[in-house]
Amino acid sequence: MSRSYTNLLDLAEGNFAALGPAGGSGRQRQGSFGMRRMSRVMTVPGTLSELDGEDESEPAATNSVASDVPSSVAADRVIVVSNQLPIVARRRPDGRGWSFSWDDDSLLLQLRDGIPDEMEVLFVGSLRADVPVAEQDEVSQALLDRFRCAPVFLPDHLNDRFYHGFCKRQLWPLFHYMLPFSSSASAATTSSSIATSSPGNGRFDRSAWEAYVLANKLFFEKVVEVINPEEDYVWVHDYHLMALPTFLRRCFNRLRIGFFLHSPFPSSEIYRTLPVREEILKALLNCDLIGFHTFDYARHFLSCCSRMLGIEYQSKRGYIGLDYFGRTVGIKIMPVGIHMGQLQSGLRLPDREWRLSELQQQFQGKTVLLGVDDMDIFKGINLKLLAFENMLRTHPKWQGRAVLVQIANPARGRGKDLEAIQAEIEESCQRINGDFGQSGYSPVVFIDRDVSSVEKIAYYTIAECVVVTAVRDGMNLTPYEYIVCRQGAPGSESMSEVSGPKRSMLVLSEFIGCSPSLSGAIRVNPWNIEATAEAMNEAISMPEQEKQLRHEKHYRYVSSHDVAFWSKSFIQDLQRACKEHFTRTCWGIGLGFGFRVVALDSHFTKLNMDLIVNAYEISESRAILLDYDGTLVPQTSINKEPSPEVLSIINTLCSDSRNIVFIVSGRDKDTLGKWFSSCPKLGIAAEHGYFLRWSREEEWQTCTQALDFGWMQMATPVMKLYTEATDGSYIETKESALVWHHQDADPGFGSSQAKEMLDHLESVLANEPVSVKSGQFIVEVKPQGVSKGIVAERILASVKERGKQADFVLCIGDDRSDEDMFENIADIVKRNVVDPRTSLFACTVGQKPSKAKFYLDDTFEVVTMLSALADATGPELETDSADELAASISSLDIGDEQSESSDRPIGGS
């Protein structure tokens with residue numbers, strides 16, 4: 001048990017002294033809330049129940065932070081962590097103290113509606129107020145007692161580099177597909193002070209990354225103050241805190257962690273330009289569930305994991321998951337919704353009535369198109385103005401009748417790019433109003449100020465169409481709000497409201513997150529000014545009945561997929577993703593952002609050196625079956641020939657008359673025969689067992705009678721077709737099989753082509769006596785009845801026929817084809833193929849789902865283990881000694897159950 005966690009700041013490769021003292025606000029107040037504190041961290045393998053002690057006479061360690069026994073008193077709780085708390089903080093008028101209130105517009109506050117009533121919600125985040133250090137303890141206690149909020153106070157200099165420096169100048173532009181091609185790029189997203197003071201001015205800044213890591217660490221320390229890891233779920237929000245999961249996972253390796261990204265996630269070609277790309281990906285993979293608004297964003301994330309970390313995803317029963325060192329990281333795709341209750345309450349406010357009446361009088365006889373956007377460089381406001389101008393010019397009937405009301409929420413940042421956009425917008429408004437304006441008619445009404453929610457609701461209510469032309473936006477809930485406002489509050493029909501059937505129209509950019517969920521909207525490419533203009537004309541010219549049908553369809557979706565539905569769905573999926581947390585053996589490995597938790601099912605353990613050597617020494621008849629590629633030589637090795645060390649080990653094993661050693665590989669017999677020509681007593685099963693020989697002096701045998709290989713003439717043209725179309729792929733022709741390799745092709749395209757080829761070959765060869773299977777970067781066609789499983793059983797049966805059943809079986813492989821071998825030998829004891837007391841070791845290479853009961857991490861560990869067996873090879877044991885060791889190994893029951901010592905890494909590493 002370690003009493004501390006590794007400081008992850010060293011991974012940032014910088015000296016934080018330059019940032020000044022970071023601790024005043026965070027560390028000195030740890031424990032000030034009087035909450036339960038975690039004092040110890042699990043860093044050793046084994047199930048936690050073993051550490052706590054299952055015997056009632058032996059009390060559990062009271063200081064352990066990771067007890068697996070859920071409390072019978074405390075209920076589950078979700079800790080919602082975000083950059084900012086859903087709190088509005090104001091200085092009291094007399095300057096003495098603070099007043100706090102909930103921020104009703106905060107998504108974090110609204111998501112509580114979907115969380116089960118029995119589940120407590122606690123918020124962790126920063127305040128949008130500058131609280132002096134002397135008052136921070138008092139403010140913290142007040143917020144915890146009254147609002148269940150734990151504030152994080154970041155020093156100003158750290159917050160500038162963390163939020164304005166890294167989040168807004170580097171992550172936010174990059175996630176919106178903006179690359180800093182020049183040194184001045186991305187300055188629009190920052191405050192002027194940061195834009196001018198930060199080195200690089202848009203390029204990657206190592207000190208800003210260090211500040212990002214340090215800020216995430218301070219958030220982590222605040223979570224530690226209030227967390228109970230056995231009962232709490234942690235839900236982290238948005239790109240500001242993407243490093244936080246690694247801090248949490250390192251301290252509590254079974255903690256249940258969810259993450260939701262509220263911005264777009266860029267394609268791998270964009271994301272890979274980030275110098276700390278792998279650190280962020282690995283940090284996110286320490287979560288149990290990662291949420292995205294759309295499949296596009298999730299697909300980009302999965303593509304980054306595949307291309308940069310070599311991790312492929314799987315879809316099972318509708319759920320997408322990534323296997324990451326034995327843990328399954330779930331991928332959640334669910335767009336956030338709006339708070340129906342809050343919006344409908346706004347529709348009933350008295351202020352709405354007179355505002356609505358005023359606007360109806362102002363725009364009487366006019367068709368209103370509405371835009372509501374933040375003032376930033378990605379919202380495409382000027383593209384909307386240009387499209388509206390084009391519509392007025394190409395469709396003169398709308399001159400004097402159509403009005404575009406554009407509400408621009410005040411800018412959150414400053415910079416040259418933003419100033420240029422604002423100037424361009426102002427110039428466009430003046431030009432359009434000058435060219436098409438008339439007495440009492442201004443075609444563009446530009447509102448550049450804070451607009452109250454009630455006034456915004458009134459504009460939504462009178463608008464015939466809402467136009468969103470953002471060039472990139474994570475979600476954008478403006479269309480949802482518009483649809484609900486056009487529907488009106490249930491049961492409240494006022495004289496000023498739109499009478500009759502409800503109708504609404506939407507013109508939406510295809511680059512925003514809400515676009516896929518609103519299928520009745522007219523989707524546009526905002527860069528295409530002419531097409532957007534035609535879409536505006538179509539939207540306001542559409543027959544009333546069709547507008548009603550589209551509105552009804554949208555309202556059904558928006559009203560049923562609100563923010564409560566979103567949060568409820570996320571929490572349910574997080575609970576499902578974490579349901580096996582306390583039943584698995586797990587431990588943490590790795591340094592810095594390379595830290596990850598290895599989680600294994602109870603039956604799947606690491607092969608222990610002492611265990612297998614003891615079993616080997618007492619056995620009288622041994623069968624050792626070894627795969628080749630990925631087992632004796634790495635898959636990534638350029639030179640595939642066996643090393644002198646491997647050849648020496650195999651010869652030593654073969655020299656013992658009690659041993660039968662076989663290479664069981666998919667490679668052709670000529671290659672294997674040549675490579676192992678120096679091993680005269682080695683048996684070889686080539687091409688998955690189609691060819692077999694027991695030693696170098698014997699002839700090759702075939703596993704079946706003579707076959708018709710006419711199917712090769714049918715399969716070869718298909719494979720050539722895909723080879724020509726897939727750069728980096730090639731065909732390997734064996735005597736009994738055809739193999740298509742794509743390990744050197746583009747990962748995504750090669751995988752896609754492999755799936756397509758598999759379907760194509762299965763269709764072409766449906767009536768042929770062959771099987772078509774995919775493997776690790778291959779698609780293989782081979783005769784039916786040929787597999788490593790069949791040849792493994794054949795070898796063991798032959799050993800029995802030679803007069804002595806095997807009482808030690810070691811079978812090692814790494815690929816899907818080796819799973820046939822593991823499956824076939826799993827119950828060979830019951831089939832009386834081997835001795836009833838056989839020590840059976842089925843071992844896969846790598847920590848991954850397998851039918852084997854044991855694993856080794858890589859080929860180096862395989863060779864180390866075989867070397868240990870070779871060292872133990874010698875003269876037969878005395879009978880008494882053999883009986884003693886047999887009794888010892890029998891007590892471990894290794895054929896059916898894992899041993900308690902099996903968690904110990906091989907070689908003690």
# chains A, B, ... in the order shown; residues from 1 in each chain; ligands from 1
call {"tool": "residues_around", "arguments": {"residues": "Asp113 in chain A", "least_positions_apart": "6", "cutoff": "8 Å", "atoms": "only C-alpha atoms", "output": "ChimeraX atom specification"}}
result
/A:563-564,567
call {"tool": "residues_around", "arguments": {"residues": "Gln399 in chain A", "least_positions_apart": "5", "cutoff": "12 Å", "atoms": "only C-alpha atoms", "output": "list in words"}}
result
Lys366, Thr367, Phe388, Glu389, Asn390, Met391, Leu392, Arg393, Thr394, Leu404, Ile432, Asn433, Asp435, Phe436, Gly437, Gln438, Tyr441, Ser442, Pro443, Val444 and Asn537 of chain A
call {"tool": "write_last_selection", "arguments": {"atoms": "C-alpha atoms", "output": "mmCIF file, in the first residue's frame"}}
result
data_model
loop_
_atom_site.group_PDB
_atom_site.id
_atom_site.type_symbol
_atom_site.label_atom_id
_atom_site.label_comp_id
_atom_site.auth_asym_id
_atom_site.auth_seq_id
_atom_site.Cartn_x
_atom_site.Cartn_y
_atom_site.Cartn_z
ATOM 1 C CA LYS A 366 -43.136 41.170 -42.223
ATOM 2 C CA THR A 367 -41.654 37.667 -42.372
ATOM 3 C CA PHE A 388 -29.741 36.829 -46.803
ATOM 4 C CA GLU A 389 -28.438 39.563 -49.098
ATOM 5 C CA ASN A 390 -28.283 37.036 -51.936
ATOM 6 C CA MET A 391 -31.883 35.942 -51.256
ATOM 7 C CA LEU A 392 -33.162 39.532 -51.431
ATOM 8 C CA ARG A 393 -31.315 40.057 -54.686
ATOM 9 C CA THR A 394 -32.366 36.818 -56.428
ATOM 10 C CA LEU A 404 -33.379 39.101 -40.615
ATOM 11 C CA ILE A 432 -27.655 45.487 -46.966
ATOM 12 C CA ASN A 433 -29.739 48.115 -45.193
ATOM 13 C CA ASP A 435 -29.189 48.718 -50.719
ATOM 14 C CA PHE A 436 -32.572 47.262 -49.748
ATOM 15 C CA GLY A 437 -33.859 49.464 -46.918
ATOM 16 C CA GLN A 438 -36.961 51.587 -47.326
ATOM 17 C CA TYR A 441 -38.125 48.980 -43.283
ATOM 18 C CA SER A 442 -34.650 47.760 -42.408
ATOM 19 C CA PRO A 443 -33.955 44.293 -43.802
ATOM 20 C CA VAL A 444 -31.341 43.538 -41.109
ATOM 21 C CA ASN A 537 -36.301 31.237 -49.553
#
call {"tool": "residues_around", "arguments": {"residues": "range 813-817 of chain A", "least_positions_apart": "2", "cutoff": "10 Å", "atoms": "only C-alpha atoms", "output": "MDAnalysis selection string"}}
result
chainID A and resid 625:632 635 664:666 688 773:776 787:789 811 819:822 842:848 850 852 855:856 858:859 862
call {"tool": "write_last_selection", "arguments": {"atoms": "N, CA, C and O atoms", "output": "short mmCIF file (atom, residue, chain, number, x, y, z; two decimals), in the first residue's frame"}}
result
data_model
loop_
_atom_site.label_atom_id
_atom_site.label_comp_id
_atom_site.auth_asym_id
_atom_site.auth_seq_id
_atom_site.Cartn_x
_atom_site.Cartn_y
_atom_site.Cartn_z
N LEU A 625 3.15 -26.68 -27.05
CA LEU A 625 2.67 -26.23 -28.35
C LEU A 625 2.83 -24.71 -28.44
O LEU A 625 2.23 -23.98 -27.65
N LEU A 626 3.62 -24.26 -29.40
CA LEU A 626 3.96 -22.84 -29.48
C LEU A 626 3.57 -22.26 -30.83
O LEU A 626 3.93 -22.80 -31.89
N ASP A 627 2.81 -21.16 -30.80
CA ASP A 627 2.61 -20.36 -32.01
C ASP A 627 3.94 -19.68 -32.34
O ASP A 627 4.86 -19.64 -31.51
N TYR A 628 4.05 -19.11 -33.53
CA TYR A 628 5.32 -18.49 -33.90
C TYR A 628 5.22 -16.96 -33.93
O TYR A 628 5.69 -16.29 -33.02
N ASP A 629 4.57 -16.38 -34.96
CA ASP A 629 4.48 -14.92 -35.08
C ASP A 629 3.67 -14.34 -33.93
O ASP A 629 2.54 -14.75 -33.66
N GLY A 630 4.25 -13.35 -33.24
CA GLY A 630 3.57 -12.73 -32.12
C GLY A 630 3.75 -13.49 -30.82
O GLY A 630 3.34 -13.01 -29.76
N THR A 631 4.39 -14.67 -30.88
CA THR A 631 4.62 -15.47 -29.68
C THR A 631 6.12 -15.64 -29.43
O THR A 631 6.62 -15.34 -28.35
N LEU A 632 6.83 -16.12 -30.43
CA LEU A 632 8.29 -16.27 -30.31
C LEU A 632 9.03 -15.08 -30.92
O LEU A 632 10.18 -14.82 -30.56
N GLN A 635 5.23 -9.25 -33.55
CA GLN A 635 4.53 -9.01 -34.81
C GLN A 635 5.17 -7.87 -35.58
O GLN A 635 5.14 -7.85 -36.82
N VAL A 664 3.27 -24.59 -33.86
CA VAL A 664 1.96 -24.66 -34.52
C VAL A 664 1.69 -23.28 -35.10
O VAL A 664 1.35 -22.34 -34.38
N SER A 665 1.86 -23.13 -36.41
CA SER A 665 1.85 -21.80 -37.04
C SER A 665 1.04 -21.81 -38.32
O SER A 665 0.80 -22.86 -38.92
N GLY A 666 0.66 -20.61 -38.74
CA GLY A 666 -0.01 -20.47 -40.02
C GLY A 666 0.95 -20.34 -41.18
O GLY A 666 0.54 -20.33 -42.34
N HIS A 688 -1.53 -23.89 -40.19
CA HIS A 688 -2.58 -24.18 -39.19
C HIS A 688 -2.81 -25.68 -39.01
O HIS A 688 -3.89 -26.09 -38.57
N LYS A 773 -11.80 -16.63 -42.76
CA LYS A 773 -11.71 -16.01 -41.44
C LYS A 773 -10.79 -14.80 -41.49
O LYS A 773 -9.87 -14.73 -42.30
N SER A 774 -11.08 -13.86 -40.61
CA SER A 774 -10.21 -12.70 -40.45
C SER A 774 -9.36 -12.89 -39.21
O SER A 774 -9.78 -13.54 -38.25
N GLY A 775 -8.16 -12.32 -39.22
CA GLY A 775 -7.26 -12.39 -38.07
C GLY A 775 -6.61 -11.05 -37.87
O GLY A 775 -7.16 -10.01 -38.27
N GLN A 776 -5.46 -11.03 -37.25
CA GLN A 776 -4.76 -9.79 -36.98
C GLN A 776 -4.10 -9.30 -38.26
O GLN A 776 -3.07 -9.79 -38.68
N SER A 787 -7.56 -26.48 -38.54
CA SER A 787 -7.43 -25.43 -37.53
C SER A 787 -6.38 -25.85 -36.51
O SER A 787 -6.05 -27.04 -36.39
N LYS A 788 -5.87 -24.89 -35.78
CA LYS A 788 -4.89 -25.19 -34.75
C LYS A 788 -5.49 -26.05 -33.64
O LYS A 788 -4.79 -26.84 -33.01
N GLY A 789 -6.79 -25.86 -33.39
CA GLY A 789 -7.44 -26.66 -32.36
C GLY A 789 -7.46 -28.14 -32.71
O GLY A 789 -7.19 -29.00 -31.86
N CYS A 811 0.39 -24.46 -23.88
CA CYS A 811 -0.08 -24.01 -25.19
C CYS A 811 -0.05 -22.49 -25.20
O CYS A 811 -0.74 -21.85 -24.39
N GLU A 819 -7.10 -19.15 -30.57
CA GLU A 819 -8.25 -19.36 -29.68
C GLU A 819 -8.88 -20.73 -29.93
O GLU A 819 -9.43 -21.33 -29.02
N ASP A 820 -8.81 -21.22 -31.18
CA ASP A 820 -9.31 -22.58 -31.47
C ASP A 820 -8.52 -23.61 -30.66
O ASP A 820 -9.08 -24.59 -30.14
N MET A 821 -7.22 -23.36 -30.55
CA MET A 821 -6.35 -24.27 -29.80
C MET A 821 -6.71 -24.23 -28.31
O MET A 821 -6.83 -25.28 -27.66
N PHE A 822 -6.89 -23.03 -27.76
CA PHE A 822 -7.25 -22.89 -26.35
C PHE A 822 -8.59 -23.56 -26.06
O PHE A 822 -8.76 -24.22 -25.02
N ALA A 842 -2.95 -22.95 -20.72
CA ALA A 842 -3.30 -22.28 -21.97
C ALA A 842 -3.03 -20.80 -21.76
O ALA A 842 -3.60 -20.17 -20.87
N CYS A 843 -2.13 -20.24 -22.57
CA CYS A 843 -1.61 -18.89 -22.30
C CYS A 843 -1.65 -18.05 -23.56
O CYS A 843 -1.14 -18.45 -24.61
N THR A 844 -2.28 -16.87 -23.47
CA THR A 844 -2.29 -15.93 -24.59
C THR A 844 -1.24 -14.86 -24.36
O THR A 844 -0.84 -14.60 -23.22
N VAL A 845 -0.80 -14.22 -25.43
CA VAL A 845 0.21 -13.17 -25.34
C VAL A 845 -0.51 -11.82 -25.41
O VAL A 845 -1.14 -11.50 -26.42
N GLY A 846 -0.44 -11.05 -24.34
CA GLY A 846 -1.13 -9.77 -24.27
C GLY A 846 -2.38 -9.86 -23.41
O GLY A 846 -3.02 -10.91 -23.33
N GLN A 847 -2.73 -8.76 -22.77
CA GLN A 847 -3.91 -8.72 -21.91
C GLN A 847 -5.12 -8.38 -22.75
O GLN A 847 -5.33 -7.24 -23.15
N LYS A 848 -5.91 -9.38 -23.08
CA LYS A 848 -7.05 -9.19 -23.97
C LYS A 848 -8.05 -10.31 -23.74
O LYS A 848 -7.71 -11.34 -23.14
N SER A 850 -9.82 -13.61 -23.98
CA SER A 850 -9.27 -14.85 -24.52
C SER A 850 -9.92 -16.05 -23.84
O SER A 850 -10.43 -15.94 -22.71
N ALA A 852 -8.06 -18.51 -23.14
CA ALA A 852 -6.97 -19.01 -22.30
C ALA A 852 -7.18 -18.52 -20.87
O ALA A 852 -7.80 -17.48 -20.64
N TYR A 855 -2.05 -15.37 -19.16
CA TYR A 855 -1.48 -14.48 -20.18
C TYR A 855 -0.06 -14.11 -19.78
O TYR A 855 0.33 -14.16 -18.62
N LEU A 856 0.73 -13.77 -20.80
CA LEU A 856 2.02 -13.12 -20.63
C LEU A 856 1.97 -11.84 -21.45
O LEU A 856 1.26 -11.76 -22.46
N ASP A 858 4.18 -10.07 -23.37
CA ASP A 858 4.76 -9.91 -24.70
C ASP A 858 5.69 -11.09 -25.00
O ASP A 858 5.85 -12.01 -24.19
N THR A 859 6.30 -11.07 -26.19
CA THR A 859 7.18 -12.16 -26.61
C THR A 859 8.41 -12.27 -25.72
O THR A 859 8.94 -13.37 -25.53
N VAL A 862 7.48 -14.46 -22.96
CA VAL A 862 7.34 -15.84 -23.42
C VAL A 862 8.71 -16.51 -23.46
O VAL A 862 8.91 -17.62 -22.95
#
call {"tool": "residues_around", "arguments": {"residues": "Cys465 in chain A", "least_positions_apart": "6", "cutoff": "12 Å", "atoms": "only C-alpha atoms", "output": "MDAnalysis selection string"}}
result
chainID A and resid 367:372 402:405 459 478:479 482:483 486 503:508 521:522 535:542 547 551
call {"tool": "write_last_selection", "arguments": {"atoms": "N, CA, C and O atoms", "output": "compact mmCIF listing (two decimals), in the first residue's frame"}}
result
# COMPACT_ATOMS: atom_id res chain seq x y z
N THR A 367 -42.07 39.05 -42.65
CA THR A 367 -41.65 37.67 -42.37
C THR A 367 -40.29 37.72 -41.70
O THR A 367 -39.32 38.20 -42.31
N VAL A 368 -40.25 37.25 -40.46
CA VAL A 368 -39.03 37.38 -39.65
C VAL A 368 -38.21 36.10 -39.71
O VAL A 368 -38.71 35.01 -39.40
N LEU A 369 -36.95 36.25 -40.12
CA LEU A 369 -35.96 35.19 -39.96
C LEU A 369 -35.06 35.58 -38.80
O LEU A 369 -34.68 36.75 -38.67
N LEU A 370 -34.72 34.61 -37.96
CA LEU A 370 -34.02 34.93 -36.72
C LEU A 370 -32.69 34.18 -36.62
O LEU A 370 -32.61 32.99 -36.97
N GLY A 371 -31.68 34.87 -36.14
CA GLY A 371 -30.41 34.24 -35.80
C GLY A 371 -30.03 34.62 -34.38
O GLY A 371 -30.12 35.79 -34.02
N VAL A 372 -29.64 33.64 -33.58
CA VAL A 372 -29.18 33.88 -32.21
C VAL A 372 -27.84 33.17 -32.06
O VAL A 372 -27.78 31.93 -32.07
N ALA A 402 -39.20 40.64 -45.98
CA ALA A 402 -38.41 39.74 -45.13
C ALA A 402 -37.43 40.54 -44.29
O ALA A 402 -36.78 41.48 -44.78
N VAL A 403 -37.34 40.16 -43.01
CA VAL A 403 -36.43 40.82 -42.07
C VAL A 403 -35.58 39.75 -41.39
O VAL A 403 -36.11 38.73 -40.93
N LEU A 404 -34.28 39.98 -41.37
CA LEU A 404 -33.38 39.10 -40.62
C LEU A 404 -33.02 39.79 -39.31
O LEU A 404 -32.36 40.84 -39.31
N VAL A 405 -33.47 39.22 -38.20
CA VAL A 405 -33.11 39.72 -36.88
C VAL A 405 -31.94 38.87 -36.37
O VAL A 405 -32.09 37.65 -36.20
N TYR A 459 -38.76 36.85 -29.31
CA TYR A 459 -38.26 36.81 -30.69
C TYR A 459 -38.46 35.41 -31.31
O TYR A 459 -38.82 35.28 -32.48
N THR A 478 -30.01 26.47 -29.88
CA THR A 478 -30.93 27.50 -30.37
C THR A 478 -32.12 26.90 -31.12
O THR A 478 -33.27 27.30 -30.87
N PRO A 479 -31.92 25.95 -32.05
CA PRO A 479 -33.09 25.39 -32.75
C PRO A 479 -34.07 24.69 -31.80
O PRO A 479 -35.29 24.76 -32.01
N TYR A 482 -36.13 27.34 -30.05
CA TYR A 482 -37.07 27.94 -31.00
C TYR A 482 -38.30 27.06 -31.19
O TYR A 482 -39.44 27.54 -31.19
N ILE A 483 -38.07 25.76 -31.34
CA ILE A 483 -39.19 24.84 -31.58
C ILE A 483 -40.16 24.85 -30.40
O ILE A 483 -41.38 24.89 -30.58
N ARG A 486 -42.17 28.11 -30.32
CA ARG A 486 -43.22 28.14 -31.35
C ARG A 486 -44.41 27.25 -30.96
O ARG A 486 -45.54 27.52 -31.34
N ARG A 503 -46.31 25.87 -36.25
CA ARG A 503 -45.42 25.61 -37.37
C ARG A 503 -44.08 26.30 -37.10
O ARG A 503 -44.00 27.29 -36.38
N SER A 504 -43.04 25.75 -37.65
CA SER A 504 -41.70 26.34 -37.52
C SER A 504 -40.84 25.80 -38.65
O SER A 504 -41.10 24.72 -39.18
N MET A 505 -39.79 26.55 -38.97
CA MET A 505 -38.85 26.12 -40.01
C MET A 505 -37.43 26.40 -39.54
O MET A 505 -37.16 27.36 -38.81
N LEU A 506 -36.53 25.51 -39.97
CA LEU A 506 -35.13 25.61 -39.58
C LEU A 506 -34.23 25.51 -40.80
O LEU A 506 -34.43 24.63 -41.65
N VAL A 507 -33.26 26.41 -40.90
CA VAL A 507 -32.16 26.30 -41.86
C VAL A 507 -30.89 26.13 -41.03
O VAL A 507 -30.48 27.05 -40.32
N LEU A 508 -30.31 24.94 -41.10
CA LEU A 508 -29.21 24.60 -40.20
C LEU A 508 -27.94 24.24 -40.96
O LEU A 508 -27.99 23.53 -41.98
N ALA A 521 -35.23 19.70 -40.75
CA ALA A 521 -34.59 20.98 -41.07
C ALA A 521 -34.00 20.95 -42.47
O ALA A 521 -33.71 19.88 -43.02
N ILE A 522 -33.82 22.13 -43.04
CA ILE A 522 -33.12 22.25 -44.32
C ILE A 522 -31.64 22.44 -44.00
O ILE A 522 -31.24 23.46 -43.43
N ALA A 535 -32.08 28.07 -49.57
CA ALA A 535 -32.68 27.37 -48.43
C ALA A 535 -33.55 28.32 -47.61
O ALA A 535 -34.64 27.95 -47.14
N MET A 536 -33.09 29.57 -47.42
CA MET A 536 -33.91 30.56 -46.70
C MET A 536 -35.21 30.83 -47.45
O MET A 536 -36.30 30.87 -46.84
N ASN A 537 -35.10 30.99 -48.75
CA ASN A 537 -36.30 31.24 -49.55
C ASN A 537 -37.26 30.06 -49.47
O ASN A 537 -38.48 30.23 -49.32
N GLU A 538 -36.71 28.85 -49.57
CA GLU A 538 -37.56 27.65 -49.50
C GLU A 538 -38.24 27.55 -48.14
O GLU A 538 -39.41 27.18 -48.05
N ALA A 539 -37.52 27.89 -47.09
CA ALA A 539 -38.06 27.75 -45.74
C ALA A 539 -39.27 28.64 -45.52
O ALA A 539 -40.27 28.22 -44.94
N ILE A 540 -39.20 29.89 -45.97
CA ILE A 540 -40.31 30.82 -45.71
C ILE A 540 -41.38 30.76 -46.79
O ILE A 540 -42.46 31.32 -46.60
N SER A 541 -41.07 30.07 -47.91
CA SER A 541 -42.06 29.93 -48.98
C SER A 541 -42.81 28.60 -48.91
O SER A 541 -43.75 28.37 -49.68
N MET A 542 -42.41 27.71 -48.04
CA MET A 542 -42.98 26.36 -47.97
C MET A 542 -44.46 26.41 -47.59
O MET A 542 -44.88 27.26 -46.78
N LYS A 547 -44.91 22.93 -43.20
CA LYS A 547 -44.26 23.53 -42.04
C LYS A 547 -44.78 22.92 -40.76
O LYS A 547 -44.02 22.66 -39.81
N HIS A 551 -42.66 20.80 -38.00
CA HIS A 551 -42.66 21.27 -36.61
C HIS A 551 -43.09 20.16 -35.65
O HIS A 551 -42.45 19.97 -34.60
call {"tool": "residues_around", "arguments": {"residues": "Met119 in chain A", "least_positions_apart": "5", "cutoff": "12 Å", "atoms": "only C-alpha atoms", "output": "count of residues only"}}
result
14
call {"tool": "residues_around", "arguments": {"residues": "Phe219 in chain A", "least_positions_apart": "2", "cutoff": "10 Å", "atoms": "only C-alpha atoms", "output": "list in words"}}
result
Gly26, Val81, Ser82, Asn83, Val124, Gly125, Ser126, Ala150, Pro151, Val152, Phe153, Leu154, Val213, Leu214, Ala215, Asn216, Lys217, Glu221, Lys222, Val223, Val224, Leu241, Leu244 and Phe247 of chain A
call {"tool": "closest_atom_pairs", "arguments": {"of": "range 443-528 of chain A", "to": "range 262-266 of chain A", "cutoff": "10 Å", "atoms": "only C-alpha atoms", "output": "JSON lines"}}
result
{"residue": "A:Arg472", "atom": "CA", "partner": "A:Pro264", "partner_atom": "CA", "distance": 7.8}
{"residue": "A:Asp473", "atom": "CA", "partner": "A:Pro264", "partner_atom": "CA", "distance": 6.7}
{"residue": "A:Gly474", "atom": "CA", "partner": "A:Ser263", "partner_atom": "CA", "distance": 4.1}
{"residue": "A:Met475", "atom": "CA", "partner": "A:Ser263", "partner_atom": "CA", "distance": 7.2}
{"residue": "A:Asn476", "atom": "CA", "partner": "A:Ser263", "partner_atom": "CA", "distance": 9.9}
{"residue": "A:Phe511", "atom": "CA", "partner": "A:Pro264", "partner_atom": "CA", "distance": 9.6}
{"residue": "A:Ile512", "atom": "CA", "partner": "A:Pro264", "partner_atom": "CA", "distance": 8.6}
{"residue": "A:Gly513", "atom": "CA", "partner": "A:Pro264", "partner_atom": "CA", "distance": 7.8}
call {"tool": "write_last_selection", "arguments": {"atoms": "N, CA, C and O atoms", "output": "short mmCIF file (atom, residue, chain, number, x, y, z; two decimals), in the first residue's frame"}}
result
data_model
loop_
_atom_site.label_atom_id
_atom_site.label_comp_id
_atom_site.auth_asym_id
_atom_site.auth_seq_id
_atom_site.Cartn_x
_atom_site.Cartn_y
_atom_site.Cartn_z
N ARG A 472 -18.65 25.59 -37.40
CA ARG A 472 -18.30 24.46 -36.53
C ARG A 472 -18.86 24.76 -35.15
O ARG A 472 -18.60 25.83 -34.60
N ASP A 473 -19.67 23.87 -34.62
CA ASP A 473 -20.25 24.08 -33.30
C ASP A 473 -20.55 22.74 -32.67
O ASP A 473 -21.04 21.82 -33.34
N GLY A 474 -20.24 22.63 -31.36
CA GLY A 474 -20.41 21.35 -30.68
C GLY A 474 -21.83 20.85 -30.71
O GLY A 474 -22.11 19.74 -31.14
N MET A 475 -22.79 21.67 -30.26
CA MET A 475 -24.18 21.23 -30.24
C MET A 475 -25.11 22.31 -30.79
O MET A 475 -25.71 22.16 -31.82
N ASN A 476 -25.21 23.45 -30.10
CA ASN A 476 -26.07 24.58 -30.44
C ASN A 476 -27.55 24.24 -30.21
O ASN A 476 -28.20 23.56 -31.00
N PHE A 511 -22.69 21.48 -40.06
CA PHE A 511 -21.49 21.35 -39.22
C PHE A 511 -21.78 21.59 -37.74
O PHE A 511 -20.85 21.85 -36.98
N ILE A 512 -23.02 21.52 -37.31
CA ILE A 512 -23.34 21.70 -35.90
C ILE A 512 -23.91 20.41 -35.34
O ILE A 512 -24.49 19.59 -36.06
N GLY A 513 -23.77 20.23 -34.03
CA GLY A 513 -24.11 18.95 -33.41
C GLY A 513 -25.58 18.60 -33.43
O GLY A 513 -25.93 17.42 -33.45
#
call {"tool": "select_by_dssp", "arguments": {"residues": "range 130-358 of chain A", "states": "strand (DSSP E)", "output": "PyMOL selection string"}}
result
chain A and resi 149-152+232-237+256-260+289-292+313-316+319-324+327-333
call {"tool": "residues_around", "arguments": {"residues": "range 375-382 of chain A", "least_positions_apart": "3", "cutoff": "8 Å", "atoms": "only C-alpha atoms", "output": "PyMOL selection string"}}
result
chain A and resi 176+188-189+385-386+408-412+417-418+421+424-425+428+468-473+526
